[in-house]
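Chemist: My structure file run.csv, CSV, C-alpha atoms, is below:
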```
chain,number,residue,atom,x,y,z
A,1,MET,CA,-61.5,48.7,15.9
A,2,MET,CA,-62.8,48.6,12.4
A,3,PHE,CA,-61.1,50.7,9.7
A,4,ASP,CA,-61.9,51.2,6.0
A,5,ARG,CA,-58.4,50.5,4.8
A,6,GLU,CA,-59.5,50.6,1.2
A,7,SER,CA,-60.3,54.3,1.5
A,8,TYR,CA,-56.6,55.1,1.6
A,9,ASP,CA,-54.5,55.6,-1.5
A,10,CYS,CA,-51.6,53.3,-0.7
A,11,LEU,CA,-50.1,50.9,1.7
A,12,VAL,CA,-46.5,51.2,2.7
A,13,SER,CA,-44.7,48.8,5.1
A,14,ALA,CA,-41.3,48.3,6.6
A,15,ALA,CA,-39.9,45.3,8.5
A,16,GLY,CA,-38.9,44.7,12.1
A,17,ARG,CA,-35.6,43.1,12.4
A,18,VAL,CA,-33.6,40.6,14.5
A,19,ASN,CA,-29.9,40.8,14.6
A,20,ILE,CA,-28.3,37.4,14.5
A,21,ILE,CA,-25.1,38.7,15.9
A,22,GLY,CA,-23.1,42.0,16.1
A,23,GLU,CA,-24.7,43.8,19.1
A,24,HIS,CA,-23.7,47.3,20.1
A,25,VAL,CA,-21.1,47.6,17.3
A,26,ASP,CA,-23.1,49.5,14.7
A,27,TYR,CA,-22.5,52.8,16.3
A,28,CYS,CA,-18.8,51.8,16.7
A,29,GLY,CA,-18.4,51.4,12.9
A,30,GLY,CA,-18.5,47.7,13.0
A,31,LYS,CA,-20.2,45.0,10.8
A,32,VAL,CA,-23.5,43.5,11.8
A,33,PHE,CA,-25.6,40.5,10.6
A,34,PRO,CA,-29.3,41.2,10.9
A,35,VAL,CA,-32.4,39.9,9.0
A,36,ALA,CA,-35.6,41.7,8.2
A,37,LEU,CA,-38.7,40.1,9.7
A,38,SER,CA,-42.3,39.5,8.4
A,39,LEU,CA,-43.4,41.4,11.5
A,40,ARG,CA,-44.0,44.8,10.1
A,41,ASN,CA,-45.3,48.3,10.5
A,42,ILE,CA,-47.9,49.1,8.0
A,43,ILE,CA,-48.9,52.6,7.0
A,44,TYR,CA,-52.2,53.4,5.1
A,45,ILE,CA,-52.0,56.9,3.7
A,46,ARG,CA,-53.9,59.4,1.6
A,47,PRO,CA,-53.3,63.1,0.9
A,48,ASN,CA,-55.9,65.4,2.5
A,49,GLY,CA,-55.2,68.7,0.8
A,50,THR,CA,-54.4,70.5,4.2
A,51,ASN,CA,-51.3,71.5,6.1
A,52,VAL,CA,-52.0,68.9,8.7
A,53,ILE,CA,-51.0,65.2,9.2
A,54,ARG,CA,-53.8,63.3,10.9
A,55,LEU,CA,-52.6,60.3,12.7
A,56,SER,CA,-54.6,57.3,13.8
A,57,TRP,CA,-53.7,53.8,14.9
A,58,THR,CA,-55.4,50.4,14.7
A,59,ASP,CA,-54.7,49.4,18.3
A,60,ILE,CA,-55.3,52.7,20.2
A,61,SER,CA,-58.1,55.1,20.2
A,62,ASP,CA,-56.0,58.3,20.1
A,63,LYS,CA,-56.1,60.6,17.1
A,64,ILE,CA,-53.4,63.3,16.8
A,65,GLU,CA,-52.9,66.1,14.4
A,66,LEU,CA,-49.5,67.4,13.4
A,67,ASP,CA,-49.2,71.0,12.1
A,68,ILE,CA,-46.6,70.7,9.3
A,69,SER,CA,-45.5,74.3,9.9
A,70,ARG,CA,-44.7,73.5,13.5
A,71,LEU,CA,-43.3,70.0,13.5
A,72,GLU,CA,-40.6,70.9,16.0
A,73,LYS,CA,-43.2,71.2,18.9
A,74,TYR,CA,-44.1,67.5,19.1
A,75,ARG,CA,-40.9,66.2,20.8
A,76,GLY,CA,-41.8,63.9,23.6
A,77,VAL,CA,-45.5,63.7,22.6
A,78,LYS,CA,-46.6,60.2,23.2
A,79,TYR,CA,-47.4,58.2,20.0
A,80,ALA,CA,-46.8,61.3,17.8
A,81,ASP,CA,-43.1,62.1,18.3
A,82,TYR,CA,-41.7,59.4,15.9
A,83,PHE,CA,-44.1,60.5,13.2
A,84,ALA,CA,-43.3,64.2,13.7
A,85,ALA,CA,-39.6,63.3,13.7
A,86,CYS,CA,-39.9,61.7,10.3
A,87,ALA,CA,-41.8,64.6,8.7
A,88,TYR,CA,-39.4,67.0,10.3
A,89,VAL,CA,-36.2,65.5,8.9
A,90,LEU,CA,-37.9,65.2,5.5
A,91,ARG,CA,-38.8,68.9,5.5
A,92,GLU,CA,-35.3,69.8,6.7
A,93,ALA,CA,-33.9,67.7,3.8
A,94,GLY,CA,-35.8,69.8,1.3
A,95,LYS,CA,-38.4,67.1,0.5
A,96,PRO,CA,-42.1,68.0,0.2
A,97,VAL,CA,-44.3,67.0,3.1
A,98,LEU,CA,-47.9,66.9,2.2
A,99,GLY,CA,-50.9,67.0,4.6
A,100,CYS,CA,-52.3,63.5,4.8
A,101,ASP,CA,-54.5,61.0,6.7
A,102,VAL,CA,-52.5,58.2,8.2
A,103,LEU,CA,-53.5,54.8,9.7
A,104,SER,CA,-50.6,52.9,11.4
A,105,ASP,CA,-50.8,49.2,12.1
A,106,CYS,CA,-47.7,47.9,13.9
A,107,GLU,CA,-47.2,44.2,14.1
A,108,VAL,CA,-43.8,44.5,15.7
A,109,PRO,CA,-44.2,44.3,19.5
A,110,PHE,CA,-43.2,47.5,21.3
A,111,GLY,CA,-40.2,47.1,23.6
A,112,SER,CA,-39.3,43.7,22.1
A,113,GLY,CA,-35.9,44.6,20.8
A,114,LEU,CA,-37.1,43.9,17.3
A,115,SER,CA,-37.0,47.5,16.2
A,116,SER,CA,-40.6,48.7,16.2
A,117,SER,CA,-39.3,52.3,16.2
A,118,ALA,CA,-37.2,51.7,13.0
A,119,ALA,CA,-40.1,50.0,11.3
A,120,ILE,CA,-42.4,53.0,12.1
A,121,GLU,CA,-39.8,55.5,11.0
A,122,VAL,CA,-38.9,53.8,7.7
A,123,SER,CA,-42.5,53.0,6.7
A,124,PHE,CA,-43.7,56.5,7.4
A,125,ILE,CA,-40.8,58.3,5.6
A,126,ALA,CA,-41.4,56.0,2.6
A,127,ALA,CA,-45.1,56.7,2.7
A,128,LEU,CA,-44.6,60.5,2.8
A,129,LEU,CA,-42.3,60.3,-0.1
A,130,THR,CA,-44.7,58.1,-2.1
A,131,ILE,CA,-47.7,60.4,-1.8
A,132,ALA,CA,-45.5,63.3,-2.7
A,133,GLY,CA,-44.5,61.5,-5.9
A,134,GLU,CA,-40.8,61.3,-4.8
A,135,SER,CA,-38.6,58.3,-5.5
A,136,VAL,CA,-38.1,55.9,-2.5
A,137,ASP,CA,-34.4,54.9,-2.2
A,138,PRO,CA,-34.2,52.4,0.7
A,139,VAL,CA,-30.7,53.5,1.8
A,140,GLU,CA,-31.7,57.2,1.8
A,141,VAL,CA,-34.8,56.4,3.8
A,142,ALA,CA,-32.7,54.5,6.3
A,143,LEU,CA,-30.4,57.4,6.8
A,144,LEU,CA,-33.3,59.9,7.2
A,145,ALA,CA,-34.9,57.5,9.7
A,146,LYS,CA,-31.7,57.3,11.7
A,147,LYS,CA,-31.5,61.1,11.7
A,148,ALA,CA,-35.0,61.3,13.0
A,149,GLU,CA,-34.3,59.0,15.9
A,150,ASN,CA,-30.9,60.6,16.7
A,151,GLU,CA,-31.7,64.3,16.4
A,152,TYR,CA,-35.4,64.5,17.2
A,153,VAL,CA,-36.3,61.6,19.4
A,154,GLY,CA,-33.0,61.6,21.2
A,155,MET,CA,-32.0,58.0,20.8
A,156,ASN,CA,-28.3,57.9,19.9
A,157,CYS,CA,-28.6,54.6,17.8
A,158,GLY,CA,-26.5,53.4,14.9
A,159,ILE,CA,-27.7,52.7,11.4
A,160,MET,CA,-28.4,48.9,11.7
A,161,ASP,CA,-32.0,48.9,12.7
A,162,GLN,CA,-33.2,51.4,10.0
A,163,TYR,CA,-31.0,49.8,7.3
A,164,ALA,CA,-32.4,46.4,8.1
A,165,SER,CA,-35.9,47.6,8.2
A,166,ALA,CA,-35.6,49.4,4.8
A,167,CYS,CA,-33.2,47.2,2.8
A,168,GLY,CA,-33.9,43.6,3.9
A,169,VAL,CA,-34.2,40.9,1.2
A,170,ALA,CA,-36.4,37.9,1.9
A,171,GLY,CA,-34.3,34.8,2.6
A,172,HIS,CA,-31.1,36.7,3.2
A,173,ALA,CA,-29.1,38.1,6.1
A,174,MET,CA,-27.4,41.5,5.7
A,175,TYR,CA,-23.6,41.4,6.3
A,176,LEU,CA,-23.6,45.2,6.8
A,177,ASP,CA,-20.6,47.5,7.3
A,178,CYS,CA,-22.1,50.3,9.4
A,179,ALA,CA,-19.2,52.6,8.6
A,180,THR,CA,-19.4,52.5,4.8
A,181,LEU,CA,-22.9,50.9,4.3
A,182,ASP,CA,-21.4,48.3,2.1
A,183,CYS,CA,-23.8,45.3,2.4
A,184,GLU,CA,-23.5,41.7,1.3
A,185,GLN,CA,-26.8,39.9,1.1
A,186,VAL,CA,-26.0,36.4,2.4
A,187,PRO,CA,-28.5,33.6,1.7
A,188,VAL,CA,-29.8,32.1,4.9
A,189,ARG,CA,-29.0,28.4,4.7
A,190,MET,CA,-29.8,26.8,8.0
A,191,GLY,CA,-30.5,23.2,6.8
A,192,ASP,CA,-32.3,21.4,9.6
A,193,TYR,CA,-32.3,24.5,11.9
A,194,ALA,CA,-34.6,27.5,12.3
A,195,LEU,CA,-34.2,31.0,13.9
A,196,VAL,CA,-36.5,31.3,16.8
A,197,VAL,CA,-37.3,34.7,18.4
A,198,ALA,CA,-38.6,35.0,21.9
A,199,ASN,CA,-39.6,38.1,23.8
A,200,THR,CA,-39.0,38.5,27.5
A,201,ASN,CA,-42.1,40.7,27.8
A,202,LYS,CA,-40.2,43.0,30.1
A,203,PRO,CA,-41.2,46.6,29.3
A,204,HIS,CA,-38.2,48.7,28.5
A,205,SER,CA,-37.2,52.0,26.8
A,206,LEU,CA,-33.8,52.4,25.2
A,207,VAL,CA,-34.0,56.1,25.5
A,208,ALA,CA,-34.5,55.9,29.2
A,209,SER,CA,-32.0,53.0,29.6
A,210,LYS,CA,-28.3,53.0,29.7
A,211,TYR,CA,-28.0,52.7,25.9
A,212,ASN,CA,-26.8,56.2,25.4
A,213,GLU,CA,-24.4,55.8,28.3
A,214,ARG,CA,-22.9,52.8,26.6
A,215,ARG,CA,-22.4,54.8,23.4
A,216,ARG,CA,-20.7,57.5,25.4
A,217,GLU,CA,-18.3,55.0,27.0
A,218,THR,CA,-17.3,53.6,23.6
A,219,GLU,CA,-16.6,57.1,22.4
A,220,GLU,CA,-14.4,57.7,25.4
A,221,ALA,CA,-12.6,54.4,24.8
A,222,LEU,CA,-12.0,55.4,21.2
A,223,ALA,CA,-10.5,58.7,22.2
A,224,VAL,CA,-8.0,57.0,24.4
A,225,LEU,CA,-7.0,54.3,21.8
A,226,ARG,CA,-6.6,56.9,19.1
A,227,LYS,CA,-3.5,58.1,21.0
A,228,TYR,CA,-1.9,54.9,20.0
A,229,LEU,CA,-3.7,53.8,16.8
A,230,PRO,CA,-4.6,55.6,13.5
A,231,ILE,CA,-8.3,54.7,13.7
A,232,THR,CA,-11.6,56.4,13.0
A,233,HIS,CA,-13.9,53.9,14.6
A,234,LEU,CA,-13.5,51.6,17.7
A,235,ALA,CA,-14.5,48.6,15.5
A,236,GLU,CA,-11.2,49.1,13.6
A,237,VAL,CA,-9.2,47.9,16.6
A,238,THR,CA,-8.0,44.4,16.0
A,239,THR,CA,-7.7,41.7,18.7
A,240,GLU,CA,-3.9,42.1,18.4
A,241,ASP,CA,-4.1,45.9,18.8
A,242,PHE,CA,-6.4,45.5,21.8
A,243,THR,CA,-4.0,43.0,23.5
A,244,ARG,CA,-1.3,45.6,23.2
A,245,TYR,CA,-3.1,48.8,23.9
A,246,GLY,CA,-6.3,47.8,25.8
A,247,LYS,CA,-4.5,48.1,29.1
A,248,SER,CA,-4.5,51.9,28.6
A,249,LEU,CA,-8.2,51.8,29.3
A,250,ALA,CA,-9.6,52.0,32.8
A,251,SER,CA,-12.7,50.1,33.9
A,252,PRO,CA,-15.4,50.1,32.6
A,253,LEU,CA,-14.1,51.5,29.3
A,254,TYR,CA,-11.8,48.4,29.0
A,255,GLU,CA,-14.7,46.0,29.3
A,256,ARG,CA,-16.9,48.0,26.8
A,257,ALA,CA,-14.1,48.1,24.2
A,258,LYS,CA,-13.2,44.5,24.7
A,259,HIS,CA,-16.8,43.5,23.9
A,260,VAL,CA,-16.8,45.6,20.7
A,261,VAL,CA,-13.4,44.2,19.5
A,262,GLU,CA,-14.4,40.6,20.1
A,263,GLU,CA,-17.9,41.0,18.8
A,264,VAL,CA,-16.7,42.4,15.5
A,265,ALA,CA,-14.5,39.3,15.1
A,266,ARG,CA,-17.5,37.1,15.9
A,267,VAL,CA,-19.6,38.7,13.2
A,268,LYS,CA,-17.1,37.8,10.5
A,269,GLU,CA,-17.0,34.2,11.8
A,270,ALA,CA,-20.8,34.1,11.9
A,271,ALA,CA,-21.1,35.3,8.2
A,272,ASP,CA,-18.7,32.6,7.2
A,273,CYS,CA,-20.7,30.0,9.2
A,274,MET,CA,-23.9,31.0,7.5
A,275,LYS,CA,-22.3,30.7,4.1
A,276,ARG,CA,-21.1,27.2,4.7
A,277,GLY,CA,-24.2,26.2,6.7
A,278,ASP,CA,-22.4,25.4,9.9
A,279,MET,CA,-25.1,26.0,12.5
A,280,PRO,CA,-23.4,24.4,15.5
A,281,ALA,CA,-20.5,26.8,15.0
A,282,LEU,CA,-22.8,29.7,14.5
A,283,GLY,CA,-24.6,28.7,17.7
A,284,ALA,CA,-21.4,28.7,19.7
A,285,LEU,CA,-20.8,32.3,18.5
A,286,LEU,CA,-24.3,33.3,19.7
A,287,ARG,CA,-23.5,31.9,23.2
A,288,ALA,CA,-20.2,33.7,23.3
A,289,SER,CA,-21.9,37.0,22.2
A,290,HIS,CA,-24.5,36.7,25.0
A,291,ALA,CA,-21.8,36.1,27.6
A,292,SER,CA,-19.9,39.1,26.5
A,293,LEU,CA,-23.0,41.3,26.5
A,294,ARG,CA,-23.8,40.1,30.0
A,295,ASP,CA,-20.3,40.3,31.5
A,296,LEU,CA,-18.4,43.0,29.6
A,297,TYR,CA,-21.1,45.3,28.2
A,298,GLU,CA,-23.6,44.8,31.0
A,299,VAL,CA,-26.8,45.2,28.9
A,300,THR,CA,-28.7,42.0,29.6
A,301,GLY,CA,-30.4,41.8,33.0
A,302,ARG,CA,-32.3,39.1,34.8
A,303,GLU,CA,-35.0,38.5,32.2
A,304,LEU,CA,-32.7,38.2,29.2
A,305,ASP,CA,-30.3,36.0,31.0
A,306,ALA,CA,-33.1,33.7,32.2
A,307,LEU,CA,-34.5,33.4,28.6
A,308,ALA,CA,-31.1,32.8,27.0
A,309,ASP,CA,-30.1,30.3,29.7
A,310,ALA,CA,-33.3,28.4,29.3
A,311,ALA,CA,-32.8,28.3,25.5
A,312,ASN,CA,-29.1,27.2,25.8
A,313,GLY,CA,-30.2,24.5,28.3
A,314,PHE,CA,-32.4,22.8,25.6
A,315,ASP,CA,-30.7,19.9,23.7
A,316,GLY,CA,-32.1,20.9,20.3
A,317,CYS,CA,-30.8,24.5,20.6
A,318,VAL,CA,-27.2,25.1,19.5
A,319,GLY,CA,-27.1,28.7,20.6
A,320,SER,CA,-29.1,31.6,21.9
A,321,ARG,CA,-28.3,35.2,22.7
A,322,MET,CA,-30.0,38.5,23.5
A,323,THR,CA,-30.8,40.6,20.4
A,324,GLY,CA,-31.3,44.4,20.2
A,325,GLY,CA,-30.3,47.1,22.6
A,326,GLY,CA,-30.8,45.0,25.7
A,327,PHE,CA,-32.3,45.9,29.1
A,328,GLY,CA,-35.3,43.8,28.1
A,329,GLY,CA,-36.4,42.7,24.7
A,330,SER,CA,-35.8,39.4,22.9
A,331,THR,CA,-33.5,36.5,22.3
A,332,VAL,CA,-32.7,34.8,19.0
A,333,SER,CA,-32.0,31.1,19.1
A,334,ILE,CA,-30.9,28.5,16.5
A,335,VAL,CA,-33.1,25.4,17.1
A,336,LEU,CA,-33.7,22.2,15.2
A,337,LYS,CA,-36.8,22.6,13.2
A,338,ASP,CA,-38.4,19.4,14.4
A,339,ALA,CA,-37.8,20.4,18.0
A,340,VAL,CA,-39.3,24.0,17.9
A,341,PRO,CA,-42.6,23.1,19.5
A,342,GLU,CA,-40.8,21.2,22.3
A,343,PHE,CA,-38.3,24.1,22.6
A,344,THR,CA,-41.2,26.6,22.9
A,345,ARG,CA,-42.8,24.6,25.8
A,346,TYR,CA,-39.5,24.0,27.6
A,347,VAL,CA,-38.3,27.7,27.4
A,348,THR,CA,-41.8,29.0,28.3
A,349,GLU,CA,-42.1,26.7,31.4
A,350,ARG,CA,-38.5,27.4,32.7
A,351,TYR,CA,-38.7,31.2,32.1
A,352,THR,CA,-42.1,31.5,33.7
A,353,ARG,CA,-41.0,29.5,36.7
A,354,GLU,CA,-38.0,31.8,37.2
A,355,ILE,CA,-39.5,35.2,36.3
A,356,GLY,CA,-43.1,34.9,37.1
A,357,TYR,CA,-44.7,35.5,33.7
A,358,PRO,CA,-44.3,33.9,30.3
A,359,PRO,CA,-42.3,34.9,27.3
A,360,THR,CA,-43.7,35.2,23.8
A,361,VAL,CA,-42.3,33.0,21.1
A,362,TYR,CA,-42.9,34.3,17.6
A,363,GLU,CA,-43.5,32.6,14.3
A,364,THR,CA,-41.9,34.8,11.8
A,365,GLU,CA,-40.0,34.7,8.5
A,366,ILE,CA,-37.1,36.5,6.9
A,367,ALA,CA,-38.8,39.1,4.7
A,368,ASP,CA,-38.2,42.1,2.4
A,369,GLY,CA,-37.7,45.6,3.8
A,370,ILE,CA,-39.8,48.4,2.3
A,371,THR,CA,-42.9,47.4,0.4
A,372,ILE,CA,-45.3,49.8,-1.4
A,373,ARG,CA,-48.7,48.9,-2.8
A,374,SER,CA,-51.4,51.1,-4.4
A,375,LEU,CA,-54.9,50.6,-3.0
A,376,LYS,CA,-56.5,52.4,-6.0
```
Just give me the structure of the file as structure tokens.
Modeler:
Amino acid sequence: MMFDRESYDCLVSAAGRVNIIGEHVDYCGGKVFPVALSLRNIIYIRPNGTNVIRLSWTDISDKIELDISRLEKYRGVKYADYFAACAYVLREAGKPVLGCDVLSDCEVPFGSGLSSSAAIEVSFIAALLTIAGESVDPVEVALLAKKAENEYVGMNCGIMDQYASACGVAGHAMYLDCATLDCEQVPVRMGDYALVVANTNKPHSLVASKYNERRRETEEALAVLRKYLPITHLAEVTTEDFTRYGKSLASPLYERAKHVVEEVARVKEAADCMKRGDMPALGALLRASHASLRDLYEVTGRELDALADAANGFDGCVGSRMTGGGFGGSTVSIVLKDAVPEFTRYVTERYTREIGYPPTVYETEIADGITIRSLK
């Protein structure tokens, strides 16, 4: 479709993300280690002087109008609900929400585990603030985007995706404490290696998956362990504490909590590996993370296991794991730069032979989070 992008007042974008390590610990108050990607959601926007938000997309023919006075009625409306959620939480926060014309162009593949939903939420909230003349604070935008997804869409996610989408810094990984939002921007120094993202191309929906069930299980495990430990978050449990008190948990709460405790420890080691440029050690942590997500947290599945196994079977790959919520989506691998083309062929052939259709391997870079550009 052809669109007159220059007829809009401004362009606001936000990044997709890939989490190097630290899966399913953000909502447990743990630390994570994501990067923002050059795959983005781009919002073209202009005020229209009405009480209506007119939505259009570059890749679908639908056009939907949102009545700003009745934003609560769009829950579950395909394509529109995430946008309505953003406008709704802004209005509830006392921010002005202006009628506007919106063109959304999403480069982040849907269902890829690379946080297309967070990129949409963050970019649209930042765009609405921009045309209203409000300041755009990336952390505030991330928190509002999380609220939109939790309370309106019904996805009980943590803060990692929205924070990474909003606050990423090019060339850096975010060593983010999800309990406090303290964040250390760690330079990505990979030497002869590159991060390679591959999509299983299995359609999935985290809302319809067992994601919310896993969160409930970790909350139940926390309630049991708080009888023995003065903790607020499950991620505060040390490996020593878990050795002593973990036996108080019945299956599957034991396995879910064990993953969280051990994954938190792996994240700290991973940040240290990145700081000293030790990619083989970081790769070993990725392999251990995937095994834990497969065996203890049970969120991988046939496609993700096949893709990670193919990657880990390639000589030039020091480690690969699933990234994102699971149940489909993508892997992240650490691969020798010179071997990336051969790696892509090898993984594609092996995965296709086992699953029946090919994965998609992305060429992407570590980018900034929110960007705002005037088109006038």
Chemist: List the neighbours of range 357-372 of chain A out to 7 Å using only C-alpha atoms; skip same-chain residues closer than 6 positions along the sequence, and give me the result as a ChimeraX atom specification.
Modeler: /A:11-15,35-39,123,164-171,197-201,344,348,351
Chemist: Please produce a file of the residues just selected, as a compact mmCIF listing (two decimals), keeping the file's coordinate frame, where the atoms kept are C-alpha atoms.
Modeler:
```
# COMPACT_ATOMS: atom_id res chain seq x y z
CA LEU A 11 -50.10 50.90 1.70
CA VAL A 12 -46.50 51.20 2.70
CA SER A 13 -44.70 48.80 5.10
CA ALA A 14 -41.30 48.30 6.60
CA ALA A 15 -39.90 45.30 8.50
CA VAL A 35 -32.40 39.90 9.00
CA ALA A 36 -35.60 41.70 8.20
CA LEU A 37 -38.70 40.10 9.70
CA SER A 38 -42.30 39.50 8.40
CA LEU A 39 -43.40 41.40 11.50
CA SER A 123 -42.50 53.00 6.70
CA ALA A 164 -32.40 46.40 8.10
CA SER A 165 -35.90 47.60 8.20
CA ALA A 166 -35.60 49.40 4.80
CA CYS A 167 -33.20 47.20 2.80
CA GLY A 168 -33.90 43.60 3.90
CA VAL A 169 -34.20 40.90 1.20
CA ALA A 170 -36.40 37.90 1.90
CA GLY A 171 -34.30 34.80 2.60
CA VAL A 197 -37.30 34.70 18.40
CA ALA A 198 -38.60 35.00 21.90
CA ASN A 199 -39.60 38.10 23.80
CA THR A 200 -39.00 38.50 27.50
CA ASN A 201 -42.10 40.70 27.80
CA THR A 344 -41.20 26.60 22.90
CA THR A 348 -41.80 29.00 28.30
CA TYR A 351 -38.70 31.20 32.10
```
Chemist: Check which residues of range 165-196 of chain A sit at most 12 Å from range 233-236 of chain A using only C-alpha atoms, and return one row each with the closest pair of atoms and their distance in Å to one decimal, ordered by chain and rising number, as JSON lines.
Modeler:
```
{"residue": "A:Asp177", "atom": "CA", "partner": "A:Ala235", "partner_atom": "CA", "distance": 10.3}
{"residue": "A:Cys178", "atom": "CA", "partner": "A:Ala235", "partner_atom": "CA", "distance": 9.9}
{"residue": "A:Ala179", "atom": "CA", "partner": "A:His233", "partner_atom": "CA", "distance": 8.1}
{"residue": "A:Thr180", "atom": "CA", "partner": "A:His233", "partner_atom": "CA", "distance": 11.3}
```
Chemist: With a cut-off of 12 Å, could you pull out the residues of range 111-228 of chain A touching range 330-340 of chain A and give me the nearest pair of atoms for each, distance in Å to one decimal, using only C-alpha atoms, ordered by chain and ascending number, as a Markdown table?
Modeler:
```
| residue | atom | partner | partner_atom | distance |
| --- | --- | --- | --- | --- |
| A:Gly111 | CA | A:Ser330 | CA | 8.9 |
| A:Ser112 | CA | A:Ser330 | CA | 5.6 |
| A:Gly113 | CA | A:Ser330 | CA | 5.6 |
| A:Leu114 | CA | A:Ser330 | CA | 7.3 |
| A:Ser115 | CA | A:Ser330 | CA | 10.6 |
| A:Arg189 | CA | A:Ile334 | CA | 12.0 |
| A:Met190 | CA | A:Ile334 | CA | 8.7 |
| A:Gly191 | CA | A:Lys337 | CA | 9.0 |
| A:Asp192 | CA | A:Leu336 | CA | 5.8 |
| A:Tyr193 | CA | A:Leu336 | CA | 4.3 |
| A:Ala194 | CA | A:Lys337 | CA | 5.4 |
| A:Leu195 | CA | A:Ile334 | CA | 4.9 |
| A:Val196 | CA | A:Ser333 | CA | 5.1 |
| A:Val197 | CA | A:Val332 | CA | 4.6 |
| A:Ala198 | CA | A:Ser330 | CA | 5.3 |
| A:Asn199 | CA | A:Ser330 | CA | 4.1 |
| A:Thr200 | CA | A:Ser330 | CA | 5.7 |
| A:Asn201 | CA | A:Ser330 | CA | 8.1 |
| A:Lys202 | CA | A:Ser330 | CA | 9.2 |
| A:Pro203 | CA | A:Ser330 | CA | 11.0 |
| A:His204 | CA | A:Ser330 | CA | 11.1 |
```
Chemist: For Glu23 in chain A, which residue among A:Val224, A:Met160, A:Ala173, A:Ala306 is the nearest when counting all atoms listed in the file?
Modeler: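 Checking each of A:Val224, A:Met160, A:Ala173, A:Ala306 against Glu23 in chain A, counting all atoms listed in the file, the winner is A:Met160.
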Chemist: Env of Ala250 in chain A: 12 Å cut, atoms = all atoms listed in the file, seq-sep filter 6 positions within chain, self excluded. Answer as JSON, numbers by chain.
Modeler: {"A": [217, 220, 221, 224, 225, 256, 257, 258]}
Chemist: Which of these residues is nearest to Leu375 in chain A, using all atoms listed in the file: A:Glu269, A:Glu342, A:Asp4, A:Asp9?
Modeler: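 For Leu375 in chain A, the nearest of the candidates is A:Asp9.
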Chemist: With distances taken over all atoms listed in the file, which residue among A:Pro96, A:His259, A:Gly154, A:Glu349 lies nearest Asp295 in chain A?
Modeler: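 Checking each candidate against Asp295 in chain A, we get A:His259 as the closest.
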Chemist: Quick one: residues within 12 Å of Ile43 in chain A, all atoms listed in the file, excluding same-chain residues fewer than 5 positions away - as a ChimeraX atom specification?
Modeler: /A:5,8-15,55-58,83,100-107,119-128,130-131,370-375
Chemist: Can you pull out the residues contacting Ala310 in chain A? Cut-off 8 Å, using only C-alpha atoms, and skip same-chain residues under 6 positions away; I want them as a count of residues only.
Modeler: 4
Chemist: Which of these, A:Lys210, A:Gly356, A:Cys273, A:Tyr297, has the shortest distance to Phe327 in chain A once you count all atoms listed in the file?
Modeler: A:Lys210
Chemist: Between CA of Thr50 in chain A and CA of Ile68 in chain A, what is the spacing in Å?
Modeler: 9.3 Å
